[in-house]
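Here is the file work_31.csv (CSV, N, CA and C atoms).
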```
chain,number,residue,atom,x,y,z
T,341,MET,N,2.8,205.7,228.6
T,341,MET,CA,3.6,206.7,227.8
T,341,MET,C,2.6,207.7,227.2
T,342,HIS,N,3.0,209.0,227.3
T,342,HIS,CA,2.3,210.0,226.7
T,342,HIS,C,3.2,211.1,226.2
T,343,LYS,N,2.7,212.0,225.4
T,343,LYS,CA,3.5,213.1,224.8
T,343,LYS,C,3.0,214.5,225.2
T,344,SER,N,3.9,215.4,225.2
T,344,SER,CA,3.5,216.8,225.5
T,344,SER,C,4.6,217.8,224.9
T,345,ARG,N,4.2,219.0,224.8
T,345,ARG,CA,5.1,220.1,224.4
T,345,ARG,C,4.4,221.4,224.6
T,346,LEU,N,5.2,222.5,224.6
T,346,LEU,CA,4.7,223.8,224.7
T,346,LEU,C,3.9,224.1,223.4
T,347,SER,N,2.7,224.6,223.6
T,347,SER,CA,1.8,224.8,222.4
T,347,SER,C,1.5,226.2,222.1
T,348,ASN,N,0.9,226.9,223.1
T,348,ASN,CA,0.4,228.2,222.8
T,348,ASN,C,0.9,229.2,223.8
T,349,ILE,N,0.9,230.5,223.4
T,349,ILE,CA,1.1,231.6,224.2
T,349,ILE,C,-0.2,232.4,224.2
T,350,ILE,N,-0.8,232.6,225.4
T,350,ILE,CA,-2.1,233.3,225.5
T,350,ILE,C,-1.9,234.6,226.2
T,351,ILE,N,-2.3,235.7,225.5
T,351,ILE,CA,-2.2,237.0,226.1
T,351,ILE,C,-3.5,237.3,226.8
T,352,ASP,N,-3.6,237.2,228.1
T,352,ASP,CA,-4.8,237.5,228.8
T,352,ASP,C,-5.0,239.0,229.0
T,353,CYS,N,-6.2,239.5,228.5
T,353,CYS,CA,-6.5,240.9,228.5
T,353,CYS,C,-7.7,241.2,229.3
T,354,LYS,N,-7.6,242.0,230.4
T,354,LYS,CA,-8.8,242.4,231.1
T,354,LYS,C,-9.4,243.5,230.3
T,355,THR,N,-10.4,243.2,229.5
T,355,THR,CA,-11.0,244.1,228.5
T,355,THR,C,-12.4,243.7,228.2
T,356,ASP,N,-13.2,244.7,227.7
T,356,ASP,CA,-14.5,244.4,227.2
T,356,ASP,C,-14.5,244.4,225.7
T,357,ASP,N,-13.4,244.7,225.1
T,357,ASP,CA,-13.2,244.8,223.6
T,357,ASP,C,-12.1,243.9,223.1
T,358,ILE,N,-12.4,242.6,223.0
T,358,ILE,CA,-11.4,241.6,222.7
T,358,ILE,C,-10.9,241.9,221.3
T,359,ASP,N,-11.7,242.4,220.4
T,359,ASP,CA,-11.2,242.6,219.0
T,359,ASP,C,-10.2,243.8,219.0
T,360,ALA,N,-10.4,244.8,219.7
T,360,ALA,CA,-9.4,245.9,219.8
T,360,ALA,C,-8.1,245.4,220.4
T,361,ALA,N,-8.2,244.6,221.5
T,361,ALA,CA,-7.0,244.0,222.1
T,361,ALA,C,-6.3,243.1,221.1
T,362,ALA,N,-7.0,242.3,220.3
T,362,ALA,CA,-6.4,241.4,219.3
T,362,ALA,C,-5.7,242.2,218.2
T,363,ASN,N,-6.4,243.3,217.8
T,363,ASN,CA,-5.8,244.1,216.7
T,363,ASN,C,-4.5,244.8,217.2
T,364,PHE,N,-4.5,245.3,218.5
T,364,PHE,CA,-3.3,245.9,219.0
T,364,PHE,C,-2.1,244.8,219.0
T,365,TRP,N,-2.4,243.7,219.6
T,365,TRP,CA,-1.3,242.7,219.7
T,365,TRP,C,-0.8,242.2,218.4
T,366,ALA,N,-1.8,242.0,217.5
T,366,ALA,CA,-1.4,241.5,216.1
T,366,ALA,C,-0.5,242.6,215.5
T,367,SER,N,-0.8,243.8,215.6
T,367,SER,CA,0.0,244.9,215.0
T,367,SER,C,1.4,245.0,215.7
T,368,ALA,N,1.4,244.8,217.0
T,368,ALA,CA,2.6,244.9,217.8
T,368,ALA,C,3.6,243.8,217.5
T,369,ILE,N,3.1,242.6,217.1
T,369,ILE,CA,4.1,241.5,216.9
T,369,ILE,C,4.1,241.0,215.5
T,370,GLY,N,3.4,241.7,214.6
T,370,GLY,CA,3.5,241.3,213.2
T,370,GLY,C,2.7,240.2,212.8
T,371,ARG,N,1.5,240.0,213.3
T,371,ARG,CA,0.6,239.0,212.9
T,371,ARG,C,-0.7,239.6,212.5
T,372,VAL,N,-1.7,238.8,212.1
T,372,VAL,CA,-3.0,239.3,211.7
T,372,VAL,C,-4.1,238.7,212.7
T,373,ALA,N,-4.9,239.6,213.2
T,373,ALA,CA,-6.0,239.1,214.1
T,373,ALA,C,-7.0,238.4,213.2
T,374,GLU,N,-7.5,237.2,213.8
T,374,GLU,CA,-8.5,236.4,213.1
T,374,GLU,C,-9.7,237.2,212.8
T,375,SER,N,-10.1,237.1,211.5
T,375,SER,CA,-11.2,238.0,211.0
T,375,SER,C,-12.6,237.4,211.1
T,376,ASP,N,-12.7,236.0,211.2
T,376,ASP,CA,-14.0,235.4,211.2
T,376,ASP,C,-14.3,234.7,212.6
T,377,ALA,N,-13.8,235.3,213.6
T,377,ALA,CA,-14.0,234.8,215.0
T,377,ALA,C,-15.5,234.9,215.4
T,378,ASP,N,-15.9,233.9,216.1
T,378,ASP,CA,-17.2,233.9,216.7
T,378,ASP,C,-17.3,235.0,217.8
T,379,PRO,N,-18.1,236.0,217.6
T,379,PRO,CA,-18.1,237.2,218.5
T,379,PRO,C,-18.5,236.8,220.0
T,380,THR,N,-19.0,235.6,220.2
T,380,THR,CA,-19.4,235.2,221.6
T,380,THR,C,-18.2,234.6,222.3
T,381,GLU,N,-17.2,234.2,221.5
T,381,GLU,CA,-16.0,233.6,222.1
T,381,GLU,C,-15.0,234.6,222.7
T,382,PRO,N,-14.4,234.3,223.8
T,382,PRO,CA,-13.4,235.2,224.4
T,382,PRO,C,-12.0,235.2,223.8
T,383,TYR,N,-11.8,234.3,222.8
T,383,TYR,CA,-10.5,234.1,222.2
T,383,TYR,C,-10.4,234.7,220.8
T,384,ARG,N,-9.2,235.2,220.5
T,384,ARG,CA,-8.9,235.6,219.1
T,384,ARG,C,-7.5,235.1,218.8
T,385,LEU,N,-7.4,234.3,217.7
T,385,LEU,CA,-6.1,233.8,217.2
T,385,LEU,C,-5.4,234.9,216.5
T,386,LEU,N,-4.1,235.1,216.7
T,386,LEU,CA,-3.3,236.0,216.0
T,386,LEU,C,-2.6,235.1,214.9
T,387,GLU,N,-3.1,235.2,213.7
T,387,GLU,CA,-2.6,234.2,212.7
T,387,GLU,C,-1.2,234.5,212.3
T,388,GLY,N,-0.4,233.4,212.2
T,388,GLY,CA,1.0,233.4,211.8
T,388,GLY,C,1.3,232.2,211.0
T,389,PRO,N,2.6,232.0,210.7
T,389,PRO,CA,3.0,230.8,210.0
T,389,PRO,C,2.6,229.5,210.6
T,390,PRO,N,2.2,228.5,209.8
T,390,PRO,CA,1.6,227.3,210.4
T,390,PRO,C,2.6,226.5,211.2
T,391,ASN,N,3.9,226.7,211.0
T,391,ASN,CA,4.9,225.9,211.8
T,391,ASN,C,5.3,226.6,213.1
T,392,GLU,N,4.7,227.8,213.4
T,392,GLU,CA,5.1,228.5,214.6
T,392,GLU,C,4.0,228.2,215.7
T,393,MET,N,4.4,228.5,216.9
T,393,MET,CA,3.5,228.3,218.0
T,393,MET,C,2.3,229.3,217.9
T,394,LYS,N,1.1,228.8,218.3
T,394,LYS,CA,0.0,229.7,218.3
T,394,LYS,C,0.0,230.8,219.3
T,395,ILE,N,-0.4,231.9,219.0
T,395,ILE,CA,-0.6,233.0,219.9
T,395,ILE,C,-2.0,233.5,219.9
T,396,LEU,N,-2.7,233.5,221.1
T,396,LEU,CA,-4.0,233.9,221.2
T,396,LEU,C,-4.2,235.1,222.1
T,397,VAL,N,-5.2,235.9,221.9
T,397,VAL,CA,-5.6,236.9,222.8
T,397,VAL,C,-6.9,236.5,223.5
T,398,GLN,N,-7.0,236.6,224.8
T,398,GLN,CA,-8.2,236.1,225.5
T,398,GLN,C,-8.7,237.2,226.4
T,399,ALA,N,-10.0,237.4,226.4
T,399,ALA,CA,-10.7,238.4,227.3
T,399,ALA,C,-10.8,237.6,228.7
T,400,VAL,N,-10.4,238.3,229.7
T,400,VAL,CA,-10.5,237.7,231.1
T,400,VAL,C,-11.0,238.7,232.1
T,401,GLN,N,-11.4,238.2,233.2
T,401,GLN,CA,-11.9,239.0,234.3
T,401,GLN,C,-10.7,239.4,235.3
T,402,HIS,N,-9.7,238.5,235.4
T,402,HIS,CA,-8.6,238.8,236.3
T,402,HIS,C,-7.6,239.8,235.6
T,403,GLU,N,-6.6,240.2,236.4
T,403,GLU,CA,-5.6,241.1,235.8
T,403,GLU,C,-5.0,240.6,234.6
T,404,SER,N,-4.6,241.5,233.7
T,404,SER,CA,-3.9,241.1,232.4
T,404,SER,C,-2.6,240.4,232.7
T,405,ARG,N,-2.3,239.4,232.0
T,405,ARG,CA,-1.0,238.7,232.1
T,405,ARG,C,-0.8,237.8,230.9
T,406,VAL,N,0.3,237.1,230.8
T,406,VAL,CA,0.5,236.1,229.7
T,406,VAL,C,0.6,234.8,230.3
T,407,HIS,N,0.0,233.8,229.7
T,407,HIS,CA,0.2,232.4,230.2
T,407,HIS,C,0.5,231.4,229.0
T,408,LEU,N,1.0,230.3,229.3
T,408,LEU,CA,1.4,229.3,228.4
T,408,LEU,C,0.4,228.1,228.4
T,409,ASP,N,0.3,227.4,227.3
T,409,ASP,CA,-0.4,226.1,227.2
T,409,ASP,C,0.6,225.1,226.9
T,410,ILE,N,0.5,223.9,227.6
T,410,ILE,CA,1.2,222.7,227.2
T,410,ILE,C,0.2,221.8,226.6
T,411,GLU,N,0.4,221.4,225.4
T,411,GLU,CA,-0.5,220.4,224.7
T,411,GLU,C,0.0,219.0,225.0
T,412,THR,N,-1.0,218.1,225.1
T,412,THR,CA,-0.7,216.7,225.4
T,412,THR,C,-1.7,215.8,224.8
T,413,ASN,N,-1.3,214.5,224.6
T,413,ASN,CA,-2.3,213.5,224.1
T,413,ASN,C,-3.0,212.8,225.3
T,414,ASP,N,-2.6,213.2,226.5
T,414,ASP,CA,-3.2,212.6,227.8
T,414,ASP,C,-3.1,213.7,228.9
T,415,VAL,N,-4.2,214.5,228.9
T,415,VAL,CA,-4.2,215.6,229.9
T,415,VAL,C,-4.0,215.1,231.3
T,416,GLU,N,-4.6,214.1,231.7
T,416,GLU,CA,-4.5,213.6,233.1
T,416,GLU,C,-3.1,213.1,233.4
T,417,ALA,N,-2.4,212.4,232.5
T,417,ALA,CA,-1.1,211.9,232.7
T,417,ALA,C,-0.1,213.1,232.8
T,418,GLU,N,-0.3,214.1,231.9
T,418,GLU,CA,0.6,215.3,231.9
T,418,GLU,C,0.4,216.1,233.2
T,419,ALA,N,-0.8,216.3,233.6
T,419,ALA,CA,-1.1,217.0,234.9
T,419,ALA,C,-0.4,216.3,236.0
T,420,SER,N,-0.5,215.0,236.1
T,420,SER,CA,0.2,214.2,237.1
T,420,SER,C,1.7,214.3,237.1
T,421,ARG,N,2.2,214.3,235.9
T,421,ARG,CA,3.7,214.4,235.7
T,421,ARG,C,4.1,215.8,236.2
T,422,LEU,N,3.4,216.8,235.9
T,422,LEU,CA,3.7,218.2,236.3
T,422,LEU,C,3.6,218.3,237.8
T,423,GLU,N,2.6,217.7,238.4
T,423,GLU,CA,2.4,217.7,239.9
T,423,GLU,C,3.7,217.1,240.6
T,424,LYS,N,4.2,216.0,240.0
T,424,LYS,CA,5.4,215.4,240.6
T,424,LYS,C,6.6,216.4,240.5
T,425,LEU,N,6.5,217.3,239.6
T,425,LEU,CA,7.6,218.3,239.5
T,425,LEU,C,7.4,219.5,240.4
T,426,GLY,N,6.2,219.5,241.0
T,426,GLY,CA,5.9,220.6,242.0
T,426,GLY,C,4.8,221.5,241.6
T,427,ALA,N,4.1,221.3,240.5
T,427,ALA,CA,3.0,222.1,240.1
T,427,ALA,C,1.8,221.7,240.9
T,428,LYS,N,0.8,222.6,240.9
T,428,LYS,CA,-0.5,222.4,241.6
T,428,LYS,C,-1.6,222.5,240.6
T,429,ARG,N,-2.7,221.7,240.7
T,429,ARG,CA,-3.9,221.9,239.9
T,429,ARG,C,-4.7,223.0,240.6
T,430,VAL,N,-5.2,223.9,239.7
T,430,VAL,CA,-6.0,225.0,240.2
T,430,VAL,C,-7.4,224.8,239.9
T,431,ALA,N,-7.7,224.5,238.6
T,431,ALA,CA,-9.1,224.4,238.2
T,431,ALA,C,-9.2,223.5,236.9
T,432,LYS,N,-10.3,222.7,236.9
T,432,LYS,CA,-10.6,221.9,235.6
T,432,LYS,C,-11.6,222.7,234.9
T,433,ILE,N,-11.3,223.0,233.6
T,433,ILE,CA,-12.2,223.8,232.7
T,433,ILE,C,-12.4,223.0,231.5
T,434,LYS,N,-13.6,222.6,231.2
T,434,LYS,CA,-14.0,221.8,230.0
T,434,LYS,C,-13.0,220.6,230.0
T,435,THR,N,-12.1,220.6,229.0
T,435,THR,CA,-11.2,219.4,228.9
T,435,THR,C,-9.8,219.6,229.3
T,436,TRP,N,-9.5,220.8,229.9
T,436,TRP,CA,-8.1,221.1,230.3
T,436,TRP,C,-8.0,221.5,231.8
T,437,TRP,N,-6.7,221.5,232.2
T,437,TRP,CA,-6.4,221.9,233.6
T,437,TRP,C,-5.7,223.2,233.6
T,438,VAL,N,-6.1,224.1,234.5
T,438,VAL,CA,-5.3,225.3,234.8
T,438,VAL,C,-4.4,224.8,235.9
T,439,MET,N,-3.1,225.1,235.8
T,439,MET,CA,-2.2,224.7,236.8
T,439,MET,C,-1.3,225.9,237.3
T,440,GLU,N,-0.6,225.7,238.4
T,440,GLU,CA,0.3,226.7,238.8
T,440,GLU,C,1.7,226.1,239.1
T,441,ALA,N,2.7,226.7,238.6
T,441,ALA,CA,4.1,226.3,238.8
T,441,ALA,C,4.5,226.6,240.2
T,442,PRO,N,5.5,225.9,240.7
T,442,PRO,CA,6.0,226.2,242.1
T,442,PRO,C,6.4,227.7,242.3
T,443,THR,N,6.7,228.4,241.2
T,443,THR,CA,7.1,229.8,241.3
T,443,THR,C,5.9,230.7,241.1
T,444,GLY,N,4.7,230.2,241.0
T,444,GLY,CA,3.5,231.0,240.9
T,444,GLY,C,2.8,231.3,239.6
T,445,GLN,N,3.5,231.0,238.5
T,445,GLN,CA,2.9,231.2,237.2
T,445,GLN,C,1.8,230.2,236.9
T,446,ARG,N,0.8,230.7,236.3
T,446,ARG,CA,-0.3,229.9,235.8
T,446,ARG,C,-0.1,229.4,234.4
T,447,PHE,N,-0.5,228.2,234.1
T,447,PHE,CA,-0.4,227.7,232.8
T,447,PHE,C,-1.5,226.6,232.6
T,448,CYS,N,-1.8,226.2,231.3
T,448,CYS,CA,-2.8,225.3,231.1
T,448,CYS,C,-2.3,224.0,230.4
T,449,VAL,N,-2.9,222.9,230.8
T,449,VAL,CA,-2.6,221.6,230.1
T,449,VAL,C,-3.8,221.3,229.2
T,450,VAL,N,-3.6,221.2,227.9
T,450,VAL,CA,-4.7,221.1,227.0
T,450,VAL,C,-4.4,220.0,226.0
T,451,ARG,N,-5.5,219.6,225.3
T,451,ARG,CA,-5.4,218.6,224.3
T,451,ARG,C,-4.5,219.1,223.1
T,452,PRO,N,-4.1,218.3,222.2
T,452,PRO,CA,-3.2,218.8,221.1
T,452,PRO,C,-3.9,219.9,220.3
T,453,GLN,N,-3.1,220.9,220.0
T,453,GLN,CA,-3.6,222.1,219.3
T,453,GLN,C,-3.0,222.3,217.9
T,454,ARG,N,-1.9,221.7,217.6
T,454,ARG,CA,-1.2,222.0,216.3
T,454,ARG,C,-1.1,220.6,215.6
T,455,ALA,N,-1.2,220.7,214.3
T,455,ALA,CA,-1.2,219.6,213.4
T,455,ALA,C,0.1,218.7,213.5
T,456,ASP,N,1.2,219.3,213.8
T,456,ASP,CA,2.5,218.5,213.9
T,456,ASP,C,2.8,218.0,215.3
T,457,PHE,N,1.8,218.0,216.2
T,457,PHE,CA,2.0,217.5,217.5
T,457,PHE,C,2.7,216.1,217.6
T,458,GLU,N,2.1,215.1,216.9
T,458,GLU,CA,2.7,213.8,217.0
T,458,GLU,C,4.1,213.7,216.6
T,459,GLU,N,4.5,214.5,215.6
T,459,GLU,CA,5.8,214.5,215.1
T,459,GLU,C,6.9,215.1,216.0
T,460,TYR,N,6.5,216.2,216.7
T,460,TYR,CA,7.5,216.9,217.5
T,460,TYR,C,7.3,217.0,219.0
T,461,ALA,N,6.3,216.3,219.5
T,461,ALA,CA,6.1,216.3,221.0
T,461,ALA,C,7.2,215.5,221.7
T,462,ASN,N,7.4,215.9,223.0
T,462,ASN,CA,8.3,215.1,223.8
T,462,ASN,C,7.5,213.8,224.3
T,463,VAL,N,8.3,212.7,224.4
T,463,VAL,CA,7.7,211.4,224.8
T,463,VAL,C,8.1,211.2,226.3
T,464,TRP,N,7.1,211.0,227.1
T,464,TRP,CA,7.3,210.7,228.6
T,464,TRP,C,6.9,209.3,228.9
T,465,ARG,N,7.7,208.6,229.7
T,465,ARG,CA,7.4,207.2,230.1
T,465,ARG,C,7.1,207.2,231.5
```

Rewrite the structure from the file as structure tokens, please.
Amino acid sequence: MHKSRLSNIIIDCKTDDIDAAANFWASAIGRVAESDADPTEPYRLLEGPPNEMKILVQAVQHESRVHLDIETNDVEAEASRLEKLGAKRVAKIKTWWVMEAPTGQRFCVVRPQRADFEEYANVWR
């Protein structure tokens, strides 16, 4: 038995200025770009209410797009469950899997990201 749920929306930006991209998206959707981010990291959190899904801006080399993260307490079990539904594993990065839906969208399977994961995640047997 493991748990999972939709966790994050990541706005992938093909850019050399992740802070400018984060400031644009924060202003566009009514959030605040993280102010104390490590300048060497390619991610910026767009801060919002603690009970809402996380939204991050990420600097990437591929074309700009949006992708989703599914958080889980068992990355391998969740990746296998999604494969049975027709998804494909694309790449293992650190502790997570980049996957592709049967319809071509990329998404990631990651470890728990939000404090209320245990309370609200779906249970899979």

Sort by chain and increasing residue number a table of all residues of stretch 397-425 of chain T within 6.5 Å of stretch 355-377 of chain T, each with its closest pair of atoms and their distance in Å to one decimal, counting all atoms listed in the file, and write it as JSON lines.
```
{"residue": "T:Val397", "atom": "CA", "partner": "T:Ala362", "partner_atom": "CA", "distance": 5.8}
{"residue": "T:Gln398", "atom": "C", "partner": "T:Ile358", "partner_atom": "CA", "distance": 6.4}
{"residue": "T:Ala399", "atom": "CA", "partner": "T:Thr355", "partner_atom": "N", "distance": 5.3}
{"residue": "T:Val400", "atom": "N", "partner": "T:Thr355", "partner_atom": "N", "distance": 4.9}
{"residue": "T:Gln401", "atom": "N", "partner": "T:Thr355", "partner_atom": "N", "distance": 6.3}
```

For the atom pair atom C of T:Ser420 and atom N of T:Arg405, what is the interatomic distance in Å to one decimal place?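 We find that atom C of T:Ser420 and atom N of T:Arg405 lie 25.9 Å from each other.
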
Leaving out T:Arg451 and any residue of its chain fewer than 4 positions from it, which residues lie within 6.5 Å of it when counting all atoms listed in the file, given as a list in words?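 The residues that qualify are Ile410, Glu411, Thr412, Asn413, Asp414, Val415, Thr435 and Trp436 of chain T.
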
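Our summary of the geometry notes that atom CA of T:Pro442 is positioned 24.8 Å from atom CA of T:Lys394.
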
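Between atom N of T:Ala461 and atom N of T:Arg421 lies a distance of 17.0 Å.
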
Name all residues at most 8 Å from T:Arg446 (count all atoms listed in the file; drop same-chain ones fewer than 2 positions away) and give them as a JSON list (two decimals) with N, CA and C atoms, in the frame of the given file.
```json
[["chain", "number", "residue", "atom", "x", "y", "z"],
["T", 406, "VAL", "N", 0.30, 237.10, 230.80],
["T", 406, "VAL", "CA", 0.50, 236.10, 229.70],
["T", 406, "VAL", "C", 0.60, 234.80, 230.30],
["T", 407, "HIS", "N", 0.00, 233.80, 229.70],
["T", 407, "HIS", "CA", 0.20, 232.40, 230.20],
["T", 407, "HIS", "C", 0.50, 231.40, 229.00],
["T", 408, "LEU", "N", 1.00, 230.30, 229.30],
["T", 408, "LEU", "CA", 1.40, 229.30, 228.40],
["T", 408, "LEU", "C", 0.40, 228.10, 228.40],
["T", 409, "ASP", "N", 0.30, 227.40, 227.30],
["T", 409, "ASP", "CA", -0.40, 226.10, 227.20],
["T", 409, "ASP", "C", 0.60, 225.10, 226.90],
["T", 438, "VAL", "N", -6.10, 224.10, 234.50],
["T", 438, "VAL", "CA", -5.30, 225.30, 234.80],
["T", 438, "VAL", "C", -4.40, 224.80, 235.90],
["T", 439, "MET", "N", -3.10, 225.10, 235.80],
["T", 439, "MET", "CA", -2.20, 224.70, 236.80],
["T", 439, "MET", "C", -1.30, 225.90, 237.30],
["T", 440, "GLU", "N", -0.60, 225.70, 238.40],
["T", 440, "GLU", "CA", 0.30, 226.70, 238.80],
["T", 440, "GLU", "C", 1.70, 226.10, 239.10],
["T", 441, "ALA", "N", 2.70, 226.70, 238.60],
["T", 441, "ALA", "CA", 4.10, 226.30, 238.80],
["T", 441, "ALA", "C", 4.50, 226.60, 240.20],
["T", 443, "THR", "N", 6.70, 228.40, 241.20],
["T", 443, "THR", "CA", 7.10, 229.80, 241.30],
["T", 443, "THR", "C", 5.90, 230.70, 241.10],
["T", 444, "GLY", "N", 4.70, 230.20, 241.00],
["T", 444, "GLY", "CA", 3.50, 231.00, 240.90],
["T", 444, "GLY", "C", 2.80, 231.30, 239.60],
["T", 448, "CYS", "N", -1.80, 226.20, 231.30],
["T", 448, "CYS", "CA", -2.80, 225.30, 231.10],
["T", 448, "CYS", "C", -2.30, 224.00, 230.40],
["T", 449, "VAL", "N", -2.90, 222.90, 230.80],
["T", 449, "VAL", "CA", -2.60, 221.60, 230.10],
["T", 449, "VAL", "C", -3.80, 221.30, 229.20]]
```
